[in-house]
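**Q** This is final33.tsv, which holds TSV, C-alpha atoms and all ligand atoms:
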chain	number	residue	atom	x	y	z
A	26	MET	CA	1.89	-28.19	-19.62
A	27	HIS	CA	3.77	-30.77	-17.64
A	28	GLU	CA	2.05	-32.87	-14.98
A	29	VAL	CA	-0.27	-30.04	-14.02
A	30	THR	CA	-2.78	-30.49	-11.22
A	31	LYS	CA	-5.40	-28.00	-10.10
A	32	ILE	CA	-7.26	-28.46	-6.85
A	33	TYR	CA	-9.99	-25.99	-5.95
A	34	GLU	CA	-10.47	-25.48	-2.22
A	35	SER	CA	-13.74	-24.09	-0.94
A	36	LYS	CA	-15.54	-23.70	2.37
A	37	HIS	CA	-19.05	-25.06	2.79
A	38	LYS	CA	-21.30	-23.86	5.57
A	39	LEU	CA	-22.91	-26.75	7.43
A	40	SER	CA	-24.71	-24.66	10.06
A	41	TRP	CA	-24.36	-21.24	11.75
A	42	PHE	CA	-21.24	-22.36	13.56
A	43	ARG	CA	-19.83	-25.14	11.50
A	44	SER	CA	-18.27	-25.24	8.06
A	45	GLU	CA	-16.09	-27.76	6.31
A	46	LYS	CA	-13.34	-27.45	3.73
A	47	ARG	CA	-13.96	-29.20	0.45
A	48	SER	CA	-11.51	-29.75	-2.34
A	49	VAL	CA	-12.17	-30.64	-5.97
A	50	THR	CA	-9.39	-31.96	-8.18
A	51	ALA	CA	-10.38	-30.32	-11.46
A	52	VAL	CA	-7.22	-31.31	-13.38
A	53	LYS	CA	-4.96	-34.20	-12.44
A	54	SER	CA	-1.34	-34.61	-13.64
A	55	LEU	CA	-2.12	-33.32	-17.11
A	56	SER	CA	0.67	-33.02	-19.67
A	57	LEU	CA	-0.20	-31.33	-22.93
A	58	ASP	CA	1.63	-29.57	-25.76
A	59	ILE	CA	0.66	-27.29	-28.63
A	60	ALA	CA	2.97	-26.68	-31.59
A	61	ALA	CA	3.06	-23.50	-33.67
A	62	GLY	CA	0.47	-23.68	-36.47
A	63	GLU	CA	-1.35	-26.59	-34.84
A	64	ILE	CA	-5.02	-26.72	-33.79
A	65	VAL	CA	-5.45	-28.95	-30.77
A	66	GLY	CA	-8.83	-29.96	-29.35
A	67	LEU	CA	-9.64	-30.43	-25.67
A	68	LEU	CA	-12.67	-32.64	-25.11
A	69	GLY	CA	-14.55	-34.13	-22.21
A	70	LEU	CA	-17.97	-34.15	-20.63
A	71	ASN	CA	-19.19	-31.32	-18.40
A	72	GLY	CA	-16.84	-30.84	-15.49
A	73	ALA	CA	-13.95	-32.69	-17.16
A	74	GLY	CA	-11.57	-29.79	-16.48
A	75	LYS	CA	-11.41	-28.06	-19.88
A	76	THR	CA	-12.10	-24.51	-18.75
A	77	THR	CA	-9.77	-24.91	-15.79
A	78	THR	CA	-7.00	-26.06	-18.18
A	79	ILE	CA	-7.58	-23.10	-20.51
A	80	ARG	CA	-7.62	-20.65	-17.63
A	81	MET	CA	-4.30	-22.00	-16.35
A	82	LEU	CA	-2.73	-21.77	-19.80
A	83	SER	CA	-4.03	-18.22	-20.13
A	84	THR	CA	-2.33	-17.34	-16.79
A	85	LEU	CA	-5.71	-16.54	-15.19
A	86	LEU	CA	-5.42	-19.43	-12.72
A	87	GLU	CA	-2.45	-20.76	-10.81
A	88	PRO	CA	-1.82	-24.53	-11.01
A	89	THR	CA	-1.63	-26.31	-7.66
A	90	SER	CA	1.39	-28.27	-8.93
A	91	GLY	CA	3.22	-29.01	-12.15
A	92	SER	CA	4.74	-26.62	-14.65
A	93	ILE	CA	3.70	-24.60	-17.70
A	94	GLU	CA	6.23	-23.49	-20.30
A	95	VAL	CA	5.75	-21.29	-23.35
A	96	ASP	CA	8.51	-21.31	-25.98
A	97	GLY	CA	11.06	-22.41	-23.38
A	98	MET	CA	10.00	-19.83	-20.76
A	99	SER	CA	8.57	-21.07	-17.50
A	100	LEU	CA	5.36	-19.43	-16.33
A	101	HIS	CA	6.71	-19.37	-12.83
A	102	LYS	CA	9.60	-17.05	-13.76
A	103	ASN	CA	8.35	-15.23	-16.88
A	104	ARG	CA	4.66	-14.54	-16.28
A	105	GLN	CA	4.65	-11.12	-17.98
A	106	ALA	CA	6.56	-12.24	-21.07
A	107	ILE	CA	4.22	-15.22	-21.42
A	108	GLN	CA	1.14	-13.03	-21.06
A	109	GLN	CA	2.31	-11.18	-24.18
A	110	LYS	CA	2.45	-14.46	-26.09
A	111	VAL	CA	-0.95	-15.92	-25.21
A	112	ASN	CA	-4.60	-14.89	-25.28
A	113	MET	CA	-7.97	-16.49	-24.70
A	114	ILE	CA	-11.30	-16.18	-26.45
A	115	ALA	CA	-14.37	-17.41	-24.62
A	116	GLY	CA	-17.68	-18.12	-26.29
A	117	GLY	CA	-20.90	-16.56	-25.08
A	118	GLU	CA	-20.95	-13.00	-23.94
A	119	ARG	CA	-18.19	-12.79	-21.35
A	120	MET	CA	-15.03	-10.67	-21.40
A	121	LEU	CA	-16.38	-7.56	-23.13
A	122	TYR	CA	-17.49	-4.20	-21.69
A	123	TRP	CA	-20.98	-3.58	-23.02
A	124	ARG	CA	-21.12	0.16	-22.35
A	125	LEU	CA	-17.91	0.72	-24.33
A	126	THR	CA	-17.83	0.71	-28.12
A	127	GLY	CA	-16.08	-2.06	-30.03
A	128	ARG	CA	-13.09	0.19	-30.64
A	129	GLU	CA	-12.93	1.30	-26.97
A	130	ASN	CA	-12.97	-2.34	-25.87
A	131	LEU	CA	-9.95	-3.07	-28.05
A	132	GLU	CA	-8.19	0.08	-26.83
A	133	TYR	CA	-8.78	-0.93	-23.23
A	134	PHE	CA	-7.42	-4.45	-23.69
A	135	GLY	CA	-4.50	-3.15	-25.77
A	136	LYS	CA	-3.53	-0.88	-22.84
A	137	LEU	CA	-3.62	-3.87	-20.49
A	138	TYR	CA	-0.97	-5.44	-22.74
A	139	GLY	CA	1.16	-2.30	-22.40
A	140	MET	CA	0.81	-1.32	-26.07
A	141	ASN	CA	1.27	2.38	-26.91
A	142	SER	CA	-1.66	4.43	-28.27
A	143	PRO	CA	-0.63	4.70	-31.96
A	144	HIS	CA	0.07	0.94	-32.03
A	145	ILE	CA	-3.31	0.19	-30.41
A	146	ALA	CA	-5.13	2.50	-32.84
A	147	ARG	CA	-3.48	0.79	-35.82
A	148	GLU	CA	-4.13	-2.74	-34.56
A	149	ALA	CA	-7.71	-1.98	-33.44
A	150	GLY	CA	-8.52	-0.53	-36.87
A	151	ARG	CA	-6.94	-3.49	-38.67
A	152	LEU	CA	-8.66	-6.12	-36.51
A	153	LEU	CA	-12.07	-4.42	-36.66
A	154	GLU	CA	-11.73	-4.47	-40.42
A	155	GLU	CA	-10.63	-8.11	-40.39
A	156	VAL	CA	-13.67	-9.23	-38.39
A	157	GLY	CA	-16.02	-7.05	-40.43
A	158	LEU	CA	-16.90	-4.56	-37.68
A	159	THR	CA	-15.51	-1.32	-39.12
A	160	GLN	CA	-19.02	0.11	-39.63
A	161	ALA	CA	-20.04	-0.73	-36.05
A	162	ALA	CA	-16.70	0.16	-34.45
A	163	ASP	CA	-18.03	3.24	-32.64
A	164	GLN	CA	-21.31	1.73	-31.51
A	165	PRO	CA	-21.66	0.52	-27.88
A	166	VAL	CA	-21.29	-3.26	-27.64
A	167	GLU	CA	-24.72	-3.56	-25.98
A	168	GLN	CA	-26.20	-2.72	-29.38
A	169	TYR	CA	-24.28	-5.55	-31.10
A	170	SER	CA	-25.90	-8.83	-32.16
A	171	LYS	CA	-24.55	-12.10	-30.73
A	172	GLY	CA	-22.49	-12.73	-33.87
A	173	MET	CA	-21.03	-9.22	-33.77
A	174	LYS	CA	-20.06	-9.65	-30.11
A	175	GLN	CA	-18.36	-12.92	-30.92
A	176	ARG	CA	-16.43	-11.32	-33.79
A	177	LEU	CA	-15.33	-8.57	-31.42
A	178	GLN	CA	-14.20	-11.28	-28.97
A	179	ILE	CA	-11.93	-12.58	-31.71
A	180	ALA	CA	-10.50	-9.14	-32.35
A	181	ARG	CA	-9.96	-8.77	-28.59
A	182	GLY	CA	-8.21	-12.12	-28.43
A	183	LEU	CA	-5.86	-11.04	-31.22
A	184	ILE	CA	-5.07	-7.53	-29.99
A	185	ASN	CA	-1.65	-8.57	-28.61
A	186	ASP	CA	-0.89	-10.70	-31.71
A	187	PRO	CA	-0.55	-13.82	-29.52
A	188	GLN	CA	1.52	-16.78	-30.63
A	189	TYR	CA	-0.86	-19.13	-28.79
A	190	LEU	CA	-4.62	-18.76	-28.66
A	191	PHE	CA	-6.96	-20.62	-26.31
A	192	LEU	CA	-10.55	-20.82	-27.47
A	193	ASP	CA	-13.24	-21.89	-24.99
A	194	GLU	CA	-16.44	-22.75	-26.88
A	195	PRO	CA	-15.82	-20.06	-29.54
A	196	THR	CA	-18.96	-20.82	-31.58
A	197	LEU	CA	-21.35	-21.18	-28.62
A	198	GLY	CA	-24.82	-19.98	-29.60
A	199	LEU	CA	-23.82	-18.71	-33.04
A	200	ASP	CA	-25.90	-19.24	-36.18
A	201	ALA	CA	-24.54	-21.79	-38.66
A	202	PRO	CA	-23.17	-19.31	-41.25
A	203	ILE	CA	-21.41	-17.20	-38.60
A	204	ALA	CA	-20.00	-20.31	-36.94
A	205	ARG	CA	-18.72	-21.49	-40.31
A	206	GLN	CA	-17.05	-18.12	-40.96
A	207	LEU	CA	-15.45	-18.31	-37.53
A	208	ARG	CA	-14.11	-21.80	-38.21
A	209	SER	CA	-12.50	-20.55	-41.38
A	210	THR	CA	-10.89	-17.66	-39.42
A	211	ILE	CA	-9.54	-20.15	-36.86
A	212	ARG	CA	-8.08	-22.32	-39.62
A	213	LYS	CA	-6.41	-19.30	-41.22
A	214	LEU	CA	-4.90	-18.20	-37.90
A	215	ALA	CA	-3.17	-21.55	-37.63
A	216	LEU	CA	-2.28	-22.13	-41.28
A	217	ASP	CA	-1.38	-18.63	-42.44
A	218	SER	CA	-0.23	-16.95	-39.23
A	219	GLY	CA	1.32	-20.06	-37.62
A	220	LYS	CA	-0.51	-19.60	-34.33
A	221	GLY	CA	-0.82	-22.58	-31.99
A	222	ILE	CA	-4.48	-22.98	-31.04
A	223	LEU	CA	-6.21	-24.94	-28.28
A	224	LEU	CA	-9.95	-25.31	-28.70
A	225	THR	CA	-12.79	-26.64	-26.57
A	226	SER	CA	-16.18	-27.16	-28.11
A	227	HIS	CA	-19.31	-29.16	-27.45
A	228	TYR	CA	-19.83	-29.29	-31.22
A	229	LEU	CA	-17.80	-32.40	-31.95
A	230	GLN	CA	-18.18	-32.06	-35.69
A	231	GLU	CA	-16.38	-28.74	-35.38
A	232	VAL	CA	-13.55	-30.40	-33.45
A	233	GLU	CA	-13.34	-33.20	-36.02
A	234	GLU	CA	-13.21	-30.67	-38.83
A	235	LEU	CA	-10.64	-28.30	-37.31
A	236	CYS	CA	-8.30	-30.16	-35.00
A	237	ASP	CA	-5.04	-31.87	-35.87
A	238	ARG	CA	-4.97	-33.63	-32.50
A	239	VAL	CA	-7.44	-34.06	-29.68
A	240	TYR	CA	-6.93	-34.53	-25.93
A	241	VAL	CA	-9.82	-36.31	-24.22
A	242	LEU	CA	-10.26	-35.61	-20.51
A	243	ASN	CA	-12.39	-37.44	-18.01
A	244	ARG	CA	-12.78	-35.99	-14.51
A	245	GLY	CA	-9.59	-34.04	-14.90
A	246	GLU	CA	-7.50	-36.95	-16.15
A	247	LEU	CA	-6.20	-37.52	-19.65
A	248	LEU	CA	-7.91	-40.51	-21.24
A	249	LEU	CA	-6.18	-40.32	-24.61
A	250	CYS	CA	-4.61	-38.01	-27.15
A	251	ASP	CA	-4.51	-38.66	-30.88
A	252	LYS	CA	-5.68	-37.48	-34.30
A	253	PRO	CA	-9.51	-37.29	-34.35
A	254	GLU	CA	-9.81	-39.96	-37.06
A	255	ARG	CA	-7.57	-42.33	-35.12
A	256	ILE	CA	-9.60	-41.82	-31.93
A	257	VAL	CA	-12.77	-42.58	-33.88
A	258	HIS	CA	-11.23	-45.70	-35.40
A	259	GLN	CA	-9.67	-46.86	-32.13
A	260	VAL	CA	-12.77	-46.27	-30.02
A	261	ALA	CA	-15.79	-46.56	-32.29
A	262	GLY	CA	-14.45	-49.14	-34.74
A	263	SER	CA	-14.29	-49.52	-38.47
A	264	GLN	CA	-15.97	-47.72	-41.30
A	265	THR	CA	-18.08	-49.58	-43.86
A	266	ALA	CA	-18.06	-49.10	-47.62
A	267	HIS	CA	-21.34	-50.03	-49.33
A	268	LEU	CA	-21.80	-50.56	-53.06
A	269	GLU	CA	-25.09	-51.57	-54.67
A	270	VAL	CA	-24.67	-53.27	-58.03
A	271	THR	CA	-26.65	-55.36	-60.51
A	272	GLY	CA	-25.27	-58.21	-62.59
A	273	TRP	CA	-23.60	-59.93	-59.64
A	274	HIS	CA	-22.83	-63.68	-59.78
A	275	GLU	CA	-21.23	-65.84	-57.13
A	276	SER	CA	-18.11	-66.59	-59.18
A	277	LEU	CA	-17.13	-62.95	-58.61
A	278	ARG	CA	-16.76	-63.42	-54.86
A	279	PRO	CA	-13.19	-64.88	-54.89
A	280	LYS	CA	-12.18	-62.29	-57.50
A	281	LEU	CA	-13.50	-59.51	-55.27
A	282	LEU	CA	-11.52	-60.80	-52.29
A	283	GLU	CA	-8.41	-61.10	-54.43
A	284	HIS	CA	-8.87	-57.56	-55.69
A	285	LEU	CA	-9.34	-56.24	-52.14
A	286	ARG	CA	-6.04	-57.92	-51.22
A	287	THR	CA	-4.14	-56.04	-53.92
A	288	PHE	CA	-4.67	-52.62	-52.33
A	289	THR	CA	-5.30	-53.44	-48.68
A	290	GLN	CA	-2.48	-53.54	-46.13
A	291	PRO	CA	-1.95	-56.99	-44.58
A	292	ALA	CA	-2.85	-55.51	-41.19
A	293	GLU	CA	-6.20	-54.31	-42.53
A	294	LEU	CA	-6.84	-57.40	-44.59
A	295	MET	CA	-8.11	-59.59	-41.78
A	296	GLY	CA	-10.78	-57.06	-40.93
A	297	VAL	CA	-11.78	-56.64	-44.55
A	298	CYS	CA	-12.00	-60.36	-45.27
A	299	ALA	CA	-13.58	-61.39	-42.03
A	300	THR	CA	-16.44	-58.92	-42.20
A	301	GLU	CA	-17.00	-58.68	-45.93
A	302	LYS	CA	-20.64	-59.51	-46.47
A	303	LEU	CA	-22.71	-60.04	-49.63
A	304	GLU	CA	-26.51	-60.10	-49.64
A	305	LEU	CA	-28.58	-61.14	-52.60
A	306	GLN	CA	-31.78	-59.17	-52.89
A	307	ASN	CA	-34.98	-59.99	-54.88
A	308	ASP	CA	-34.54	-57.51	-57.70
A	309	GLY	CA	-31.06	-58.75	-58.49
A	310	LEU	CA	-29.54	-55.79	-56.67
A	311	GLN	CA	-26.47	-56.88	-54.82
A	312	ARG	CA	-25.13	-55.06	-51.80
A	313	ILE	CA	-21.41	-55.33	-51.22
A	314	SER	CA	-20.36	-54.19	-47.76
A	315	VAL	CA	-16.74	-54.03	-46.70
A	316	LYS	CA	-15.60	-53.12	-43.22
A	317	THR	CA	-12.40	-51.12	-43.38
A	318	PRO	CA	-10.41	-48.37	-41.66
A	319	SER	CA	-10.95	-46.19	-44.76
A	320	ALA	CA	-14.27	-46.58	-46.57
A	321	ASP	CA	-13.66	-43.80	-49.12
A	322	ARG	CA	-10.48	-45.46	-50.35
A	323	ILE	CA	-12.18	-48.84	-50.73
A	324	ILE	CA	-15.00	-47.24	-52.75
A	325	THR	CA	-12.53	-45.41	-55.03
A	326	GLU	CA	-10.69	-48.69	-55.67
A	327	LEU	CA	-13.81	-50.81	-56.13
A	328	LEU	CA	-15.69	-48.54	-58.53
A	329	PRO	CA	-13.48	-49.19	-61.62
A	330	TRP	CA	-13.23	-52.88	-60.68
A	331	THR	CA	-17.02	-53.37	-60.61
A	332	THR	CA	-17.32	-51.74	-64.06
A	333	GLU	CA	-14.52	-53.94	-65.42
A	334	GLN	CA	-16.44	-56.99	-64.20
A	335	GLY	CA	-19.52	-55.88	-66.18
A	336	LEU	CA	-21.46	-54.90	-63.06
A	337	SER	CA	-23.69	-51.86	-63.06
A	338	ILE	CA	-23.33	-49.56	-60.04
A	339	LYS	CA	-26.62	-48.30	-58.62
A	340	SER	CA	-25.26	-46.49	-55.57
A	341	PHE	CA	-22.33	-46.29	-53.21
A	342	ALA	CA	-21.90	-44.83	-49.75
A	343	SER	CA	-19.50	-44.82	-46.83
A	344	GLU	CA	-20.72	-45.28	-43.28
A	345	LYS	CA	-18.40	-43.75	-40.72
A	346	PRO	CA	-18.60	-43.52	-36.95
A	347	THR	CA	-18.07	-39.97	-35.74
A	348	LEU	CA	-16.03	-38.38	-32.99
A	349	GLU	CA	-19.34	-37.97	-31.16
A	350	ASP	CA	-19.86	-41.76	-31.25
A	351	ALA	CA	-16.33	-42.23	-29.87
A	352	ILE	CA	-16.74	-39.68	-27.06
A	353	ILE	CA	-20.08	-41.17	-26.02
A	354	LEU	CA	-18.52	-44.65	-25.85
A	355	LEU	CA	-15.59	-43.29	-23.85
A	356	SER	CA	-17.82	-41.40	-21.43
A	357	GLU	CA	-19.98	-44.48	-20.88
A	358	GLY	CA	-16.82	-46.37	-19.99
A	359	ARG	CA	-17.54	-48.87	-22.77
A	360	VAL	CA	-13.97	-48.67	-24.01
A	361	SER	CA	-10.95	-49.64	-21.98
B	1	LIG	N1	-14.04	-21.99	-8.80
B	1	LIG	C1	-14.27	-23.28	-8.56
B	1	LIG	N2	-14.36	-23.73	-7.29
B	1	LIG	C2	-14.60	-25.05	-7.02
B	1	LIG	N3	-14.74	-26.00	-7.98
B	1	LIG	C3	-14.67	-25.61	-9.26
B	1	LIG	C4	-14.43	-24.23	-9.61
B	1	LIG	N4	-14.41	-24.15	-10.98
B	1	LIG	C5	-14.62	-25.41	-11.44
B	1	LIG	N5	-14.77	-26.27	-10.41
B	1	LIG	C6	-14.97	-27.73	-10.53
B	1	LIG	O1	-13.86	-28.27	-11.24
B	1	LIG	C7	-14.29	-29.30	-12.12
B	1	LIG	C8	-13.84	-28.95	-13.54
B	1	LIG	O2	-14.55	-27.79	-13.98
B	1	LIG	P1	-14.31	-27.09	-15.40
B	1	LIG	O3	-15.20	-25.89	-15.46
B	1	LIG	O4	-12.86	-26.90	-15.61
B	1	LIG	O5	-14.84	-28.24	-16.39
B	1	LIG	P2	-15.26	-28.15	-17.92
B	1	LIG	O6	-14.73	-29.38	-18.55
B	1	LIG	O7	-14.85	-26.85	-18.51
B	1	LIG	O8	-16.84	-28.22	-17.83
B	1	LIG	P3	-17.95	-27.60	-18.85
B	1	LIG	O9	-17.89	-28.45	-20.09
B	1	LIG	O10	-19.22	-27.81	-18.07
B	1	LIG	O11	-17.62	-26.16	-19.07
B	1	LIG	C9	-15.79	-29.42	-11.95
B	1	LIG	O12	-16.04	-30.45	-11.02
B	1	LIG	C10	-16.18	-28.09	-11.35
B	1	LIG	O13	-17.33	-28.21	-10.53
Could you express the structure from this file as structure tokens?

**A**
Amino acid sequence: MHEVTKIYESKHKLSWFRSEKRSVTAVKSLSLDIAAGEIVGLLGLNGAGKTTTIRMLSTLLEPTSGSIEVDGMSLHKNRQAIQQKVNMIAGGERMLYWRLTGRENLEYFGKLYGMNSPHIAREAGRLLEEVGLTQAADQPVEQYSKGMKQRLQIARGLINDPQYLFLDEPTLGLDAPIARQLRSTIRKLALDSGKGILLTSHYLQEVEELCDRVYVLNRGELLLCDKPERIVHQVAGSQTAHLEVTGWHESLRPKLLEHLRTFTQPAELMGVCATEKLELQNDGLQRISVKTPSADRIITELLPWTTEQGLSIKSFASEKPTLEDAIILLSEGRVS
């Protein structure tokens, strides 16, 4: 997507005789790319423009300006060829025909992609098997559970073997085990089949777990794009490594700082030294807290050191801000 803008125009009735035109800029000058085999997240609060973006990429909506290209083909000139290469899966219960069976739904959508009947029959059978719906294939969709409908959505989204898949809230309303299964399917589609995937989700843990990169939108405009862990670090700050030990004595403090310096990058060192904090507690338990961009690494490095110094480790933990913390800060405008 290059510099894409979408403006919705609508008419609002003011009285019997008067109406006014209103326009909403849902997406503003958005540039975005998805590589083969990559899972990209699209985040933002309600109304940020995520669904509009996905609908434009899926060719369901026309951008007001800007251009969309898929594998070097422009949407403007090669709409049909691009439609063969992309597909969209929406969460919830949209985009399926409830009176039709699972198999009939896939046959119908396969025909829309111009596939011939033997090809559709083969693919429908294979996909129904892959999403675990072979037994229910000839049952009307209205008799399916929510999880079954969502699995059928996935099969529908894969019927044309798209190179790029756009997923709008794919785990919406699903139980935890089904959502987990779905996440593993999404990962496999990218890793094993090399599909480029764009994903929106209100479950930020899911985005953090799945996505290689994340675009954050605010009122249609791109706020930032980066790896989830870098966004968290950039926006919500450092992680903290905590170790609780006994046997601590003050002469260890300079040694600890010196040891931290041996495996900490100079750029990180200031943060580590400046915020390193030691608290002596009544029972002789000492809490060592180190602020760092990577708490797990600090813990791994400090564990053998504490034992070498004759300290006894009672517990250790890493405290990490999450993508949710970062998005909340961004949405509150508390980060420039
Ligand atoms: N058909 C439409 N006509 C007019 N305005 C629309 C239309 N569809 C969406 N909008 C407006 O465009 C903006 C972006 O909406 P969009 O649905 O793309 O956001 P979203 O990020 O997907 O939101 P959500 O997280 O709530 O699904 C919103 O202000 C919305 O009210």

**Q** Given a cut-off of 8 Å, what residues near ligand LIG 1 (chain B) show up using only C-alpha atoms and all ligand atoms, put as a ChimeraX atom specification?

**A** /A:32-35,48-52,68-78,227,242,244-245

**Q** Just checking: using all atoms listed in the file, which residue out of A:Lys316, A:Arg124, A:Arg80, A:His258 ends up closest to Leu285 (chain A)?

**A**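 The answer is A:Lys316, which sits nearest to Leu285 (chain A).
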
**Q** With a distance cut-off of 9 Å and all atoms listed in the file, select the neighbouring residues of Glu28 (chain A), excluding the residue or stretch itself and same-chain residues fewer than 2 positions from it, and output the selection as a ChimeraX atom specification.

**A** /A:26,30,53-57,90-93

**Q** Return the single residue from A:Val260, A:Ile114, A:Leu355, A:Leu223 that is closest to Gly182 (chain A), with distances computed using only C-alpha atoms.

**A**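 So, comparing all the options, the nearest one is A:Ile114.
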
**Q** A:Leu354, A:Leu125, A:Ala204, A:Ile256: which is nearest Ser226 (chain A), counting only C-alpha atoms?

**A**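 Looking only at the distances to Ser226 (chain A), the closest residue turns out to be A:Ala204.
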
**Q** With only C-alpha atoms as the basis for distance, which of A:Leu282, A:Ile323, A:Gly157, A:Ala266 is at the shortest distance from Lys345 (chain A)?

**A**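 Using only C-alpha atoms, the shortest distance to Lys345 (chain A) belongs to A:Ala266.
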